[in-house]
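Okay, run.txt now, which holds compact mmCIF, C-alpha atoms:
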```
# COMPACT_ATOMS: atom_id res chain seq x y z
CA MET A 1 -6.52 0.15 11.49
CA HIS A 2 -3.74 -2.12 12.58
CA PRO A 3 -4.85 -4.57 15.31
CA ASP A 4 -1.97 -3.52 17.55
CA THR A 5 -3.08 0.13 17.59
CA ALA A 6 -1.46 2.34 20.17
CA THR A 7 -2.51 5.95 20.68
CA VAL A 8 0.03 8.49 19.51
CA PRO A 9 0.51 11.51 21.77
CA SER A 10 -1.59 14.46 20.64
CA THR A 11 1.30 16.92 21.02
CA ASP A 12 4.79 16.86 19.54
CA PHE A 13 3.59 14.18 17.15
CA PHE A 14 6.78 14.26 15.10
CA THR A 15 10.06 16.05 15.56
CA ASP A 16 11.32 18.56 13.01
CA THR A 17 13.65 15.90 11.61
CA ASP A 18 10.62 13.77 10.81
CA ARG A 19 9.08 16.39 8.55
CA SER A 20 9.66 16.26 4.82
CA THR A 21 10.90 19.12 2.69
CA ASP A 22 10.80 19.63 -1.04
CA SER A 23 14.44 18.57 -1.22
CA ASP A 24 13.63 15.33 0.58
CA LEU A 25 11.29 14.29 -2.22
CA SER A 26 13.22 15.66 -5.19
CA THR A 27 14.61 12.88 -7.33
CA ASP A 28 15.20 11.95 -10.94
CA THR A 29 13.31 8.71 -10.41
CA ASP A 30 9.83 7.84 -9.24
CA PRO A 31 9.09 10.07 -6.19
CA GLY A 32 7.86 6.91 -4.50
CA GLU A 33 11.51 5.96 -3.97
CA ALA A 34 12.06 9.16 -2.00
CA LEU A 35 8.91 8.52 0.04
CA LEU A 36 10.16 5.04 0.90
CA ARG A 37 13.52 6.46 1.98
CA LEU A 38 11.73 9.03 4.11
CA LEU A 39 9.71 6.31 5.86
CA GLU A 40 12.83 4.21 6.38
CA ALA A 41 14.64 7.20 7.88
CA THR A 42 11.77 8.16 10.22
CA PRO A 43 10.64 5.04 12.08
CA GLN A 44 8.04 6.96 14.10
CA VAL A 45 6.30 8.07 10.91
CA ALA A 46 6.48 4.56 9.43
CA ARG A 47 5.19 2.98 12.64
CA THR A 48 2.28 5.42 12.87
CA LEU A 49 1.34 4.76 9.24
CA ASP A 50 1.37 1.04 10.02
CA LEU A 51 -0.90 1.56 13.02
CA VAL A 52 -3.38 3.60 11.00
CA ALA A 53 -3.35 1.68 7.71
CA ASP A 54 -1.65 -1.67 8.40
CA PHE A 55 1.20 -0.80 5.99
CA ASP A 56 4.44 -2.26 7.40
CA ILE A 57 7.55 -1.32 5.41
CA THR A 58 9.74 -3.65 7.47
CA ARG A 59 8.11 -6.71 5.89
CA ARG A 60 9.01 -7.03 2.22
CA THR A 61 9.27 -10.75 1.57
CA PRO A 62 6.16 -11.88 -0.32
CA ARG A 63 4.81 -15.40 -0.05
CA ASP A 64 4.87 -15.94 -3.83
CA ARG A 65 6.76 -14.53 -6.76
CA LEU A 66 4.23 -12.80 -8.96
CA LEU A 67 3.98 -11.82 -12.61
CA ILE A 68 1.59 -9.48 -14.42
CA PRO A 69 0.58 -9.50 -18.11
CA ALA A 70 2.12 -6.07 -18.64
CA GLY A 71 5.52 -7.71 -18.09
CA LEU A 72 6.64 -4.99 -15.65
CA PRO A 73 8.78 -5.74 -12.59
CA LEU A 74 7.06 -5.83 -9.20
CA HIS A 75 8.95 -4.42 -6.22
CA PRO A 76 7.56 -5.42 -2.79
CA ILE A 77 7.56 -2.41 -0.48
CA ALA A 78 5.36 -3.38 2.49
CA ALA A 79 2.97 -5.95 3.92
CA ASP A 80 -0.13 -5.96 6.07
CA GLY A 81 -1.11 -8.03 9.08
CA THR A 82 -3.04 -10.56 7.00
CA GLY A 83 -0.04 -11.48 4.86
CA GLY A 84 -0.93 -9.28 1.89
CA THR A 85 1.86 -7.49 0.03
CA TYR A 86 2.12 -4.04 -1.56
CA TYR A 87 4.19 -3.58 -4.72
CA LEU A 88 5.46 -0.70 -6.78
CA VAL A 89 4.98 -1.64 -10.42
CA GLY A 90 7.58 -0.79 -13.05
CA ASP A 91 11.07 0.60 -13.40
CA PRO A 92 12.21 3.11 -10.74
CA ARG A 93 13.18 5.49 -13.57
CA GLU A 94 9.53 5.91 -14.50
CA PRO A 95 8.02 9.21 -13.30
CA ARG A 96 5.08 7.43 -11.62
CA ARG A 97 4.65 3.81 -10.61
CA PRO A 98 1.26 2.39 -9.66
CA VAL A 99 0.78 0.48 -6.41
CA LEU A 100 -0.50 -3.09 -6.58
CA TYR A 101 -1.86 -5.03 -3.60
CA ALA A 102 -2.06 -8.85 -3.51
CA ASP A 103 -3.52 -10.76 -0.57
CA ARG A 104 -2.93 -14.32 0.64
CA GLU A 105 -6.28 -15.52 -0.67
CA GLY A 106 -5.48 -15.02 -4.35
CA CYS A 107 -7.04 -11.58 -4.81
CA GLY A 108 -5.35 -8.43 -6.00
CA THR A 109 -5.95 -4.88 -7.18
CA LEU A 110 -4.28 -1.66 -8.16
CA ILE A 111 -4.91 0.82 -5.36
CA ALA A 112 -3.27 4.02 -6.56
CA GLU A 113 -1.42 5.70 -9.41
CA ASP A 114 1.67 6.10 -7.24
CA LEU A 115 2.88 5.70 -3.67
CA ALA A 116 1.99 9.25 -2.63
CA GLU A 117 -1.60 8.70 -3.69
CA ALA A 118 -1.66 5.32 -1.93
CA LEU A 119 -0.48 6.85 1.35
CA ALA A 120 -3.02 9.67 1.02
CA ILE A 121 -5.75 7.03 0.56
CA PHE A 122 -4.50 5.09 3.59
CA ILE A 123 -4.44 8.18 5.81
CA ALA A 124 -7.88 9.33 4.70
CA LEU A 125 -9.62 5.96 4.91
CA GLY A 126 -7.67 3.74 7.30
CA PHE A 127 -10.00 0.82 6.53
CA TRP A 128 -9.48 1.09 2.78
CA HIS A 129 -10.65 -2.48 2.11
CA GLU A 130 -14.07 -1.62 3.55
CA ALA A 131 -14.36 1.51 1.43
CA GLY A 132 -13.42 -0.44 -1.68
CA HIS A 133 -16.08 -3.03 -0.96
CA GLY A 134 -18.78 -0.36 -0.74
CA PHE A 135 -19.18 0.10 3.01
CA PRO A 136 -20.60 3.56 3.80
CA LEU A 137 -17.83 6.05 4.44
CA GLU A 138 -19.63 7.19 7.58
CA THR A 139 -19.31 3.65 8.95
CA THR A 140 -15.64 3.28 8.10
CA GLU A 141 -14.89 6.69 9.61
CA GLN A 142 -16.78 5.80 12.77
CA ASN A 143 -14.88 2.52 13.05
CA LEU A 144 -11.61 4.36 12.57
CA ARG A 145 -12.41 6.93 15.25
CA GLU A 146 -13.44 4.20 17.68
CA SER A 147 -10.11 2.47 17.11
CA GLU A 148 -8.09 5.67 17.26
CA PRO A 149 -9.78 8.66 18.94
CA ASP A 150 -6.83 10.92 18.06
CA ILE A 151 -7.09 10.23 14.33
CA ASP A 152 -7.37 13.94 13.42
CA THR A 153 -4.06 14.69 15.11
CA ILE A 154 -2.50 11.59 13.62
CA ARG A 155 -3.65 12.48 10.12
CA ALA A 156 -2.32 16.02 10.42
CA GLY A 157 1.02 14.71 11.63
CA LEU A 158 1.33 12.16 8.82
CA TYR A 159 0.46 14.72 6.15
CA ALA A 160 3.00 17.16 7.57
CA ALA A 161 5.71 14.52 7.93
CA THR A 162 5.32 13.13 4.42
CA GLY A 163 4.41 16.30 2.53
CA ILE A 164 1.43 14.51 0.97
CA ASP A 165 -1.63 16.55 0.00
CA PRO A 166 -4.66 15.53 2.08
CA LEU A 167 -7.68 13.80 0.55
CA THR A 168 -11.22 13.72 1.84
CA PRO A 169 -12.62 10.24 2.44
CA GLU A 170 -14.80 10.67 -0.66
CA GLN A 171 -11.80 11.63 -2.80
CA ALA A 172 -9.76 8.75 -1.38
CA ARG A 173 -12.50 6.21 -2.09
CA ASP A 174 -12.99 7.51 -5.63
CA ARG A 175 -9.27 7.35 -6.39
CA LEU A 176 -9.01 3.87 -4.92
CA LEU A 177 -11.86 2.60 -7.08
CA ALA A 178 -10.53 4.41 -10.16
CA ALA A 179 -7.19 2.65 -9.73
CA ALA A 180 -8.91 -0.68 -9.09
CA SER A 181 -10.87 -0.34 -12.32
CA ARG A 182 -7.58 -0.30 -14.24
CA THR A 183 -6.34 -3.60 -12.80
CA ALA A 184 -7.61 -5.81 -15.64
CA PRO A 185 -6.17 -6.94 -17.88
CA ASP A 186 -2.58 -5.68 -17.58
CA TYR A 187 -2.14 -5.79 -13.79
CA VAL A 188 -3.87 -9.05 -12.86
CA ALA A 189 -1.29 -10.96 -10.83
CA VAL A 190 -0.45 -14.63 -11.22
CA ALA A 191 2.07 -16.70 -9.28
CA ASP A 192 5.26 -17.61 -11.11
CA ALA A 193 4.53 -21.35 -10.92
CA PRO A 194 3.33 -24.02 -13.37
CA GLY A 195 -0.45 -24.17 -13.62
CA ALA A 196 -1.00 -21.04 -11.54
CA ARG A 197 -4.30 -19.30 -12.11
CA PRO A 198 -4.74 -15.51 -12.29
CA TYR A 199 -5.66 -13.71 -9.09
CA HIS A 200 -9.27 -12.63 -8.65
CA LEU A 201 -10.09 -8.94 -8.63
CA LEU A 202 -10.33 -7.78 -5.02
CA PHE A 203 -13.19 -5.35 -5.59
CA GLY A 204 -15.27 -7.19 -8.16
CA PRO A 205 -16.06 -10.52 -9.77
CA PRO A 206 -13.38 -12.06 -11.97
CA ARG A 207 -13.50 -10.81 -15.52
CA GLY A 208 -12.45 -12.62 -18.67
CA ILE A 209 -8.77 -11.96 -19.10
CA ALA A 210 -7.40 -13.04 -22.43
CA GLY A 211 -3.89 -14.20 -22.88
CA ILE A 212 -2.71 -14.58 -19.28
CA ALA A 213 -3.35 -18.25 -18.59
CA GLY A 214 0.20 -19.11 -19.52
CA ILE A 215 1.89 -16.08 -18.04
CA ALA A 216 3.60 -18.19 -15.38
CA GLY A 217 5.83 -19.55 -18.11
CA VAL A 218 7.03 -16.13 -19.25
CA ALA A 219 10.79 -16.11 -19.38
CA GLY A 220 12.91 -13.44 -17.82
CA ALA A 221 13.61 -12.89 -14.16
CA GLY A 222 13.08 -9.15 -14.63
CA ARG A 223 9.34 -9.77 -14.80
CA ALA A 224 9.15 -11.51 -11.47
CA VAL A 225 8.98 -9.91 -8.08
CA GLY A 226 12.25 -8.27 -7.15
CA ILE A 227 13.76 -9.38 -3.86
CA PRO A 228 15.08 -6.42 -1.84
CA GLY A 229 18.83 -5.95 -1.75
CA ARG A 230 18.90 -5.99 2.02
CA GLU A 231 17.79 -9.13 3.79
CA ALA A 232 14.13 -9.03 4.79
CA ARG A 233 12.58 -11.09 7.52
CA GLU A 234 10.11 -13.62 6.11
CA VAL A 235 6.74 -13.50 7.76
CA ARG A 236 5.93 -16.99 8.98
CA GLU A 237 2.84 -16.24 10.99
CA VAL A 238 -0.05 -13.95 10.24
CA ARG A 239 -0.53 -11.41 12.97
CA ALA A 240 -3.87 -11.45 14.72
```
What do you get writing this file as structure tokens?
Amino acid sequence: MHPDTATVPSTDFFTDTDRSTDSDLSTDTDPGEALLRLLEATPQVARTLDLVADFDITRRTPRDRLLIPAGLPLHPIAADGTGGTYYLVGDPREPRRPVLYADREGCGTLIAEDLAEALAIFIALGFWHEAGHGFPLETTEQNLRESEPDIDTIRAGLYAATGIDPLTPEQARDRLLAAASRTAPDYVAVADAPGARPYHLLFGPPRGIAGIAGIAGVAGAGRAVGIPGREAREVREVRA
């Protein structure tokens, strides 16, 4: 839950224009692109998602340029209040692009097979970091309900507005951990800087990763983090 949580009214959660349709999400590219456009076009939906899951699409300037051994481009799509960044991995023409998260402390993980799954995980868990670290789901759900008593209404509104299929907390945790287990070796991030060391795995001890120690020297700007076409405000202070 975002630290600046504000309760959303329990009625008229979103207007009809905030609700997705099949045509909204139809695209010849990764459906995640259409989901991003939907969030950009419906600020109330995007703001509510940020309040529930600390996923702010208005902040897309990462602290570091990152590379991954797979050599795929990383596209920053959102940030959280601690300074961590979410990325879509790969070319937009791919049918599905996994979501990678990298924090400010040098840890990272895949969190979902695509953006729709990531948002479903966020809505179901709220405190997804806690679930990934093995906290009991009953505890994370209790914490979420204490922070936002209207979470059932909020969840229903977000699912309706985005057209995403709901997940139970158990399903969300299992998908999160399944994605995380695929992080090494191909998706272990490293800063694009001389001598940079690979990021640690967020949900487990570092594993031996062969062949990535020198990844920072990989040539080709296409492998580095893409900077959004529109100017993004750089986050200079971490929100409380």
Expressed in Å, the length from atom CA of Asp80 of chain A to atom CA of Ala131 of chain A is 16.7 Å
Judged by all atoms listed in the file, the minimum distance to Leu36 of chain A among A:Leu115, A:Ala161, A:Ala120, A:Leu177 is found for A:Leu115
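With atom CA of Leu125 of chain A on one side and atom CA of Pro43 of chain A on the other, the separation reads 21.5 Å.
For the choices A:Asp30, A:Ala193, A:Pro136, A:Pro92, the atom-to-atom distance to Arg65 of chain A is smallest for A:Ala193 when using all atoms listed in the file.
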For the interface of segment 75-190 of chain A with segment 56-62 of chain A (cut-off 7 Å, counting all atoms listed in the file), please tabulate each contacting residue of segment 75-190 of chain A alongside its nearest pair of atoms and their separation in Å to one decimal, rows sorted by chain and increasing number, as CSV.
```
residue,atom,partner,partner_atom,distance
A:Pro76,CA,A:Arg60,CA,5.5
A:Ile77,CA,A:Arg60,CA,5.5
A:Ala78,CA,A:Ile57,CA,4.2
A:Ala79,CA,A:Asp56,CA,5.3
A:Asp80,CA,A:Asp56,CA,6.0
A:Thr85,CA,A:Pro62,CA,6.2
```
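Nearest residue to Ala124 of chain A among A:Ala34, A:Val52, A:Ala172, A:Ile111 is A:Ala172, counting only C-alpha atoms.
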